[in-house]
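Enquirer: First, the structure itself, so that you have it in front of you.
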Amino acid sequence: MVRPVRVYGGQESGGLRLPVAQASRRNLYGPRGVTIWGDDLIVCDTGNHRVLFYRDFLTRRQLQADLVLGQPDFDSEHPSNPDARHGLFMPTDAQVVEDWLIIADSWNHRLVGYRLRDLGRNDCELALVIGQPNPGVVDANQGNQVCDDRSLYWPFGFAVLADGFYVADAGNRRVLRWRDWQSATREPAELVLGQDDPSHREDNRGRLGGDSFRWPHAIDGEGDVIFIADPGNHRVLGFREPHVDREADIVIGQPSCMENSEWPYAPQGPDRLRFPYGISVDAHRLAIADSANNRVLVFDSLPTGCGEKAQRVLGQPDFEAYGENRWDVLADNTLCWPYGVDMVDDIIAIADTGNNRIVIWTLED
């Protein structure tokens, strides 16, 4: 049986009790984002309102963090400092982009950036802001009643891809694209996906289709294809060359782009999804955090149409199972509401949110 090779977070294996969540170098509380960066692991410890770094995460002996951002020390867990120049509030995604670490600071309705050269100490001050006019503003849509092509409302995920910089603006039920991440700090978005114009924010733009979203989350892609997790519609959409707002070319988790049904508490199979919050693309493969089914699905080649089936499942004994921790005691190879996932080569890191931990698996046959 395939099992994870490392587990980060509090340990309560073999029992029904959740791992302890009190902030420390070791403990995590509802982590929703995880990123593999070379030999390091970056974790959005969402419930503790911080981002943690783990150096040499595959070989180290001590399973505790080396660096914390968003809090003054490893034992603090308060959401956001009063002026919001240091603090984070429910961070959900973090990625290294060129010489920067960019974080989706979701409940402050912004993305923030830290220079990598400043990350030698805890709680360094952020150096850029996207979605707000300055670091002291943290209101949804910049405090306005109507959104526009610069404002954000719960940005949960983002991606730097070959054709642009994409942000999943979940609270506005849309995805924004800039030509690059630098232009997002000073210019309006050049493209709005999922709404008729920058001022609208209706669920599914008022009508379900392949060009609408309900709480878009993670984004990733490869070549000319971009995938967007649309958990409120229980699906992942794929677009080829998304240079205009249009219907998706690929639908995963539903028979067509005109359906968004959920099949709770029933065998799921390799082609159904329930609240898929996380996705990752690497080496022509796709991993999906199928959150409400308490599993991660892996497609050994990128889907190209509708109704395609995954080849691998992590967290469950087979494709039919769906229970939280397999309806059994917590174990190292079970999952409970996984939100984030990152896949690099044969290593896959999963934010096992409901179990307050990160699990590292290998996909080697």
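Residue numbering restarts at 1 in every chain; chains get A, B, ... in the order shown in the structure tokens, and ligands count up from 1 in that same order.
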Env of A:Leu152: 12 Å cut, atoms = only C-alpha atoms, seq-sep filter 5 positions within chain, self excluded. Answer as a count of residues only.

Expert: 41

Enquirer: Would you tabulate, counting only C-alpha atoms, all residues of stretch 78-172 of chain A that have an atom at most 8 Å from an atom of stretch 18-35 of chain A, showing the closest pair of atoms and their distance in Å to one decimal, sorted by chain then ascending number, as CSV?

Expert:
residue,atom,partner,partner_atom,distance
A:Pro91,CA,A:Gly33,CA,7.9
A:Thr92,CA,A:Gly33,CA,5.1
A:Asp93,CA,A:Gly33,CA,4.9
A:Ala94,CA,A:Thr35,CA,6.8
A:Gln95,CA,A:Thr35,CA,6.5

Enquirer: I need the residues from that last selection saved to file as a tab-separated table (two decimals), in the first residue's frame (with C-alpha atoms), if you can.

Expert:
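Result file follows (result-v1.tsv):
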chain	number	residue	atom	x	y	z
A	91	PRO	CA	-3.14	33.11	3.79
A	92	THR	CA	-3.99	30.38	1.27
A	93	ASP	CA	-1.29	30.31	-1.42
A	94	ALA	CA	2.42	31.19	-1.54
A	95	GLN	CA	4.86	30.92	-4.44

Enquirer: Excluding A:Gly323 and residues on its chain fewer than 3 positions from it, collect all residues at most 10 Å away from it, counting only C-alpha atoms, and give them as a PyMOL selection string.

Expert: chain A and resi 265-267+292-295+315-316+320+326-328+334-337

Enquirer: Taking the backbone alone, and naming residues the way the document does, which bits of stretch 73-135 of chain A are strand (DSSP E or B) by DSSP, as a list of chain:residue names?

Expert: A:Pro91, A:Thr92, A:Asp93, A:Ala94, A:Gln95, A:Val96, A:Val97, A:Trp100, A:Leu101, A:Ile102, A:Ile103, A:Ala104, A:Asp105, A:Arg110, A:Leu111, A:Val112, A:Gly113, A:Tyr114, A:Arg115, A:Leu128, A:Val129, A:Ile130

Enquirer: So, counting only C-alpha atoms, which residue among A:Leu273, A:Ala229, A:Ala127, A:Ala283 is closest to A:Asp345?

Expert: A:Ala283

Enquirer: Name all residues at most 9 Å from A:Asp230 (count only C-alpha atoms; drop same-chain ones fewer than 6 positions away) and give them as a ChimeraX atom specification.

Expert: /A:212-218,236-237,275-277

Enquirer: Please produce a file of the residues just selected, as a short mmCIF file (atom, residue, chain, number, x, y, z; two decimals), in the first residue's frame, where the atoms kept are N, CA and C atoms.

Expert:
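Result went into again13.cif, see below:
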data_model
loop_
_atom_site.label_atom_id
_atom_site.label_comp_id
_atom_site.auth_asym_id
_atom_site.auth_seq_id
_atom_site.Cartn_x
_atom_site.Cartn_y
_atom_site.Cartn_z
N SER A 212 -18.25 30.25 -16.57
CA SER A 212 -18.64 30.83 -15.29
C SER A 212 -17.96 30.08 -14.15
N PHE A 213 -17.92 30.74 -12.98
CA PHE A 213 -17.31 30.15 -11.78
C PHE A 213 -18.19 30.37 -10.57
N ARG A 214 -18.03 29.48 -9.61
CA ARG A 214 -18.60 29.68 -8.29
C ARG A 214 -17.50 29.39 -7.28
N TRP A 215 -16.86 30.42 -6.82
CA TRP A 215 -15.74 30.34 -5.88
C TRP A 215 -14.50 29.68 -6.52
N PRO A 216 -13.95 30.27 -7.56
CA PRO A 216 -12.70 29.72 -8.13
C PRO A 216 -11.57 29.78 -7.12
N HIS A 217 -10.71 28.77 -7.11
CA HIS A 217 -9.63 28.70 -6.13
C HIS A 217 -8.27 28.57 -6.81
N ALA A 218 -7.74 27.36 -6.88
CA ALA A 218 -6.38 27.17 -7.39
C ALA A 218 -6.32 27.29 -8.91
N VAL A 236 -13.25 21.04 -12.28
CA VAL A 236 -12.06 21.77 -12.71
C VAL A 236 -12.23 22.07 -14.18
N LEU A 237 -12.03 23.32 -14.57
CA LEU A 237 -12.16 23.72 -15.96
C LEU A 237 -10.78 23.93 -16.58
N PHE A 275 -16.19 19.53 -4.35
CA PHE A 275 -15.43 20.66 -3.82
C PHE A 275 -13.92 20.48 -4.03
N PRO A 276 -13.46 20.45 -5.27
CA PRO A 276 -12.02 20.34 -5.54
C PRO A 276 -11.34 21.70 -5.39
N TYR A 277 -10.64 21.91 -4.29
CA TYR A 277 -10.06 23.22 -4.01
C TYR A 277 -8.65 23.39 -4.57
#

Enquirer: With distances taken over only C-alpha atoms, which of A:Arg235, A:Arg50, A:Arg177, A:Arg274 is nearest to A:His78?

Expert: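 Of A:Arg235, A:Arg50, A:Arg177, A:Arg274, the one nearest A:His78 is A:Arg50, counting only C-alpha atoms.
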
Enquirer: Using DSSP on the backbone coordinates, identify the residues of stretch 296-359 of chain A assigned to helix (DSSP H, G or I); present them as a list in words.

Expert: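 Those in stretch 296-359 of chain A that DSSP calls helix (DSSP H, G or I) are Glu324, Asn325, Arg326, Trp327, Thr353, Gly354 and Asn355 of chain A.
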
Enquirer: Tell me, as an mmCIF file with N, CA and C atoms, in the first residue's frame, which residues lie within 8 Å of A:Phe165, counting only C-alpha atoms; anything in the same chain fewer than 5 positions away does not count.

Expert:
data_model
loop_
_atom_site.group_PDB
_atom_site.id
_atom_site.type_symbol
_atom_site.label_atom_id
_atom_site.label_comp_id
_atom_site.auth_asym_id
_atom_site.auth_seq_id
_atom_site.Cartn_x
_atom_site.Cartn_y
_atom_site.Cartn_z
ATOM 1 N N PHE A 158 -3.338 31.859 -7.123
ATOM 2 C CA PHE A 158 -2.803 32.606 -8.261
ATOM 3 C C PHE A 158 -1.785 31.736 -8.980
ATOM 4 N N ALA A 159 -1.405 32.156 -10.171
ATOM 5 C CA ALA A 159 -0.416 31.411 -10.951
ATOM 6 C C ALA A 159 0.304 32.349 -11.896
ATOM 7 N N VAL A 160 1.607 32.144 -12.022
ATOM 8 C CA VAL A 160 2.415 32.812 -13.031
ATOM 9 C C VAL A 160 2.654 31.796 -14.138
ATOM 10 N N ARG A 177 -6.616 38.362 -15.134
ATOM 11 C CA ARG A 177 -5.297 38.130 -15.745
ATOM 12 C C ARG A 177 -4.635 39.450 -16.087
ATOM 13 N N TRP A 178 -3.346 39.513 -15.722
ATOM 14 C CA TRP A 178 -2.460 40.582 -16.146
ATOM 15 C C TRP A 178 -1.386 39.981 -17.050
ATOM 16 N N ARG A 179 -0.690 40.813 -17.795
ATOM 17 C CA ARG A 179 0.346 40.280 -18.685
ATOM 18 C C ARG A 179 1.521 39.718 -17.899
ATOM 19 N N ASP A 180 1.766 40.261 -16.679
ATOM 20 C CA ASP A 180 2.792 39.730 -15.791
ATOM 21 C C ASP A 180 2.480 40.208 -14.375
ATOM 22 N N TRP A 181 3.183 39.649 -13.392
ATOM 23 C CA TRP A 181 2.853 39.974 -12.006
ATOM 24 C C TRP A 181 3.241 41.399 -11.648
ATOM 25 N N ALA A 184 0.481 43.845 -12.345
ATOM 26 C CA ALA A 184 -0.656 43.759 -11.424
ATOM 27 C C ALA A 184 -0.514 44.714 -10.242
#

Enquirer: Mind giving me the straight-line distance from atom CA of A:Val96 to atom CA of A:Gly38 in Å, one decimal?

Expert: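 For atom CA of A:Val96 relative to atom CA of A:Gly38, the distance reads 10.3 Å.
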
Enquirer: From the list A:Gly164, A:Ser76, A:Asp40, A:Gly223, which residue is nearest A:Arg60 when using only C-alpha atoms?

Expert: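 With only C-alpha atoms as the atom set, the closest residue is A:Asp40.
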
Enquirer: Select, from A:Ser301, A:Thr362, A:Asn260, A:Thr46, the residue with the minimum atom-to-atom distance to A:Ala349, counting only C-alpha atoms.

Expert: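 Residue with the minimum atom-to-atom distance to A:Ala349: A:Thr362.
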